Amino acid sequence: MTEDKFEGFLGKAAQSYNAPPARTPREEMWQAIQATRAARPRVVYGGASLLRAASENQFGSRVWWAAAAAVVLVASGIGIGRWSASPDSTSQTTAATPRPAPALTVSPPESMPDDVGEGEPALVAGGRPRVAPSRTGIEGSPTPEGRVRSSGSVAAAGSAPISAYQLTAANHLSDAEALLTSFRTRSAADQHLDAQLTAWARELLSNTRLLLDSPVAVDPQRRPLLRDLELLLVQIVQLSPGSTPQDREIIERTLKQDHVLTRLRTAIPAGQRGS
Amino acid sequence: MESAAYESRSSVNELQLVTRVVAGDAAAERELYETHVDRIYRLAFRLAGDDELARDFTQATFIRAFEKIGSFRGESSLSTWLHSIGMSVALNGLRKTKRLRNREAPIEEGLMVGSTRIEAEPDLKERLAKAIDSLSEKYRMVFLMHDVEGYTHEEISGTLRIPVGTSKSHLFQARSKLRVALADYAPEWVS
C-alpha cells in the first residue's frame with residue numbers, strides 16, 4: 001500500500017477515535033458559560049476587573065503575588081536550613097509532633113499556648129501562616145526528632161501572609177478540581193475508588209473550612225465558590241459504601257447546577273494548573 | 001487574489017466583532033461563541049474522549065476568552081487565538097486529572113461523522129485507538145488536529161505555538177508510529 005493510501009486509510013479509520021457527537025450541545029454550554037460569568041465580577045474589557053485593579057495597585061498581578069510568595073517561602077526554607085544547622089539553635093525548638101493531616105497547617109502566634117489539639121489545625125486571626133499543602137505545596141519542616149521550628153520560619157513567612165494564603169488557596173482549588181473530576185468520571189461500580197475519594201474529600205473539606213475562615217475568603221468571587229465546594233465535599237464525605245446511585249446523582253446534579261468545576265478551573269491561576 | 005481579499009475582509013469582520021464584544025455587546029458575544037464553538041468542542045472531545053470533560057473545557061475556554069478579549073490584538077486570527085486558549089485549558093485539564101479516554105464511550109456513535117460512515121473492523125478500531133493513546137502528547141495533538149479534524153499546519157502552528165516545520169515533523173512521527181502499531185493489518189506499510 002502506498003504512502004498516500006495509508007494516510008487515507010489512517011485519516012478515515014481515526015475518525016472513530018473519540019468521535020464527538022453529531023450535535024454540539026451549544027445551548028447547554030452557553031447557559032453554563034453565562035451562569036459562570038454571572039457569578040464572577042464583571043470584567044472591564046481592555047483593562048482589568050475592579051478587583052484585579054485594586055490588587056495591582058497594591059503589588060502587581062496575582063502572578064506576581066504567587067511568585068513573591070514562592071520566593072518568600074524558598075527564602076524562609078533556606079533560612080530555616082541555616083538556622084537549624086547552627087549548634088545553638090536547638091534551644092529554640094519546641095517539641096511538637098508533625099501533623100499528618102489535614103494538609104493545610106496554620107500555626108498559632110508565638111504567644112499562643114500549646115493547647116491546640118493534635119491534627120486539628122487552628123486558624124488564628126492575625127496569626128502568621130505556615131503553608132504546608134500536602135500534594136503540591138511545601139510540607140512543614142519537622143526535624144528528624146519530630147520537632148517543628150516555631151519562631152524562625154514564622155518570622156520569615158510572616159512577611160507575606162496574604163501571599164501564602166493565596167498560594168495555599170490556589171493549591172487547594174487545584175486539588176479540589178482533581179477530586180471532583182475524578183469523582184465525576186469514576187465508574188459507578190468502583191467501590192474501592194469511592195472509598196479513596198471519600199477519604200480525600202474529607203481532607204479537602206477540612207481545608208475548605210479553614211480557607212473559608214481565612215483572608216482568602218474575603219474575595220467576593222472565591223467565597224461563594226468555597227461555600228459551594230464545601231457543600232459538595234460534605235455530600236461526597238457522607239457517601240457510604242452502600243449508598244445508592246440516587247445519592248451520587250444528587251451530588252452530580254449539584255456539581256452541574258452550580259458549575260463548580262468550571263468555576264474552579266477558571267479560578268485557578270494558569271501557572272497552578274497541571275501542577 | 002480573491003483569497004487575499006476574502007482573508008482581509010474576514011479579518012476586518014473579526015476585528016469589528018471583537019470591538020463589539022469589548023464594548024459589551026451581548027449579541028456579539030453570542031455571535032463569537034456560535035461561530036467557533038463547534039470546532040472548539042469537537043477538538044476538546046477528540047482530546048478528552050468524554051462529553052462532560054469536553055463541555056467543561058469548551059466552557060472554560062470561552063469564559064477565559066471573554067475575560068481576555070481586550071488583549072486580542074488581531075496578530076493571529078480569532079480562531080487561532082481561541083484554539084490556543086482552548087488547547088491550553090484542555091491539555092492542562094487532562095494532565096491534571098490524568099484522565100484517560102473512556103474506552104467504554106459509545107464507539108458506534110462515533111462512526112457517523114459528517115456524512116462519512118467509516119467501516120473499520122472493531123478490532124482495528126480498538127488497536128488504532130490504543131495506538132493513538134500511546135502517542136506522546138505533542139504527536140497526538142498534531143495528528144488529531146491535522147488528520148482527524150482537518151486543521152492545516154498553519155493553524156496548528158498558530159494554535160500550539162510551534163513552527164510549521166515542527167508541526168509537519170510531529171505529524172510524520174505520529175504516522176510512523178501508528179504505521180508500526182498497525183503493522184499486523186498490513187505488513188507492507190512497515191516496509
# chains A, B, ... in the order shown; residues from 1 in each chain; ligands from 1
call {"tool": "select_by_dssp", "arguments": {"residues": "region 4-185 of chain B", "states": "strand (DSSP E)", "output": "number ranges by chain"}}
result
B: 112-113, 116-117
call {"tool": "residues_around", "arguments": {"residues": "Val37 (chain B)", "least_positions_apart": "5", "cutoff": "12 Å", "atoms": "only C-alpha atoms", "output": "JSON, numbers by chain"}}
result
{"A": [23, 24, 25, 26, 27, 28, 29, 30, 33], "B": [29, 30, 31, 32, 42, 43, 44, 45, 54, 55, 57, 58, 59, 60, 61, 62, 65, 79, 82, 83, 86]}
call {"tool": "closest_residue", "arguments": {"among": "B:Val22, B:Ala174, B:Leu124, B:Ala90", "to": "chain A", "atoms": "only C-alpha atoms"}}
result
B:Val22
call {"tool": "closest_residue", "arguments": {"among": "A:Lys256, A:Arg223, A:His172, A:Arg202", "to": "chain B", "atoms": "only C-alpha atoms"}}
result
A:Lys256
call {"tool": "closest_residue", "arguments": {"among": "A:Arg248, A:Lys12, A:Lys5, A:Arg222", "to": "chain B", "atoms": "only C-alpha atoms"}}
result
A:Lys12
call {"tool": "residues_around", "arguments": {"residues": "Gly150 (chain B)", "least_positions_apart": "4", "cutoff": "12 Å", "atoms": "only C-alpha atoms", "output": "number ranges by chain"}}
result
A: 11-12, 14-15; B: 39, 42-43, 142-146, 154-156
call {"tool": "write_last_selection", "arguments": {"atoms": "C-alpha atoms", "output": "CSV table (one decimal), in the first residue's frame"}}
result
chain,number,residue,atom,x,y,z
A,11,GLY,CA,-7.4,9.5,8.3
A,12,LYS,CA,-10.7,7.6,7.8
A,14,ALA,CA,-9.1,7.5,13.0
A,15,GLN,CA,-12.5,9.3,12.6
B,39,ARG,CA,-14.7,23.4,16.3
B,42,ARG,CA,-15.0,18.9,18.7
B,43,LEU,CA,-11.3,19.2,19.3
B,142,VAL,CA,-0.9,17.3,15.8
B,143,PHE,CA,-2.2,14.0,14.4
B,144,LEU,CA,-5.7,14.6,15.8
B,145,MET,CA,-5.8,18.2,14.6
B,146,HIS,CA,-4.4,17.5,11.1
B,154,GLU,CA,-0.5,26.8,9.7
B,155,GLU,CA,-3.5,26.6,12.0
B,156,ILE,CA,-1.7,24.0,14.1
call {"tool": "atom_distance", "arguments": {"atom1": "CA of Tyr151 (chain B)", "atom2": "CA of Lys96 (chain B)"}}
result
25.8 Å
call {"tool": "atom_distance", "arguments": {"atom1": "CA of Ile132 (chain B)", "atom2": "CA of Leu78 (chain B)"}}
result
28.9 Å
call {"tool": "atom_distance", "arguments": {"atom1": "CA of Ser84 (chain B)", "atom2": "CA of Ala131 (chain B)"}}
result
25.4 Å
call {"tool": "select_by_dssp", "arguments": {"residues": "region 20-173 of chain B", "states": "helix (DSSP H, G or I)", "output": "ChimeraX atom specification"}}
result
/B:20-22,26-48,51-71,78-97,107-110,122-134,137-148,153-160,164-173
call {"tool": "closest_residue", "arguments": {"among": "A:Ile250, A:Phe9, A:Ser240, A:Ile268", "to": "Ala199 (chain A)", "atoms": "only C-alpha atoms"}}
result
A:Ser240
call {"tool": "closest_residue", "arguments": {"among": "B:Trp81, B:Arg179, B:Leu47, B:Glu52", "to": "Val18 (chain B)", "atoms": "only C-alpha atoms"}}
result
B:Trp81
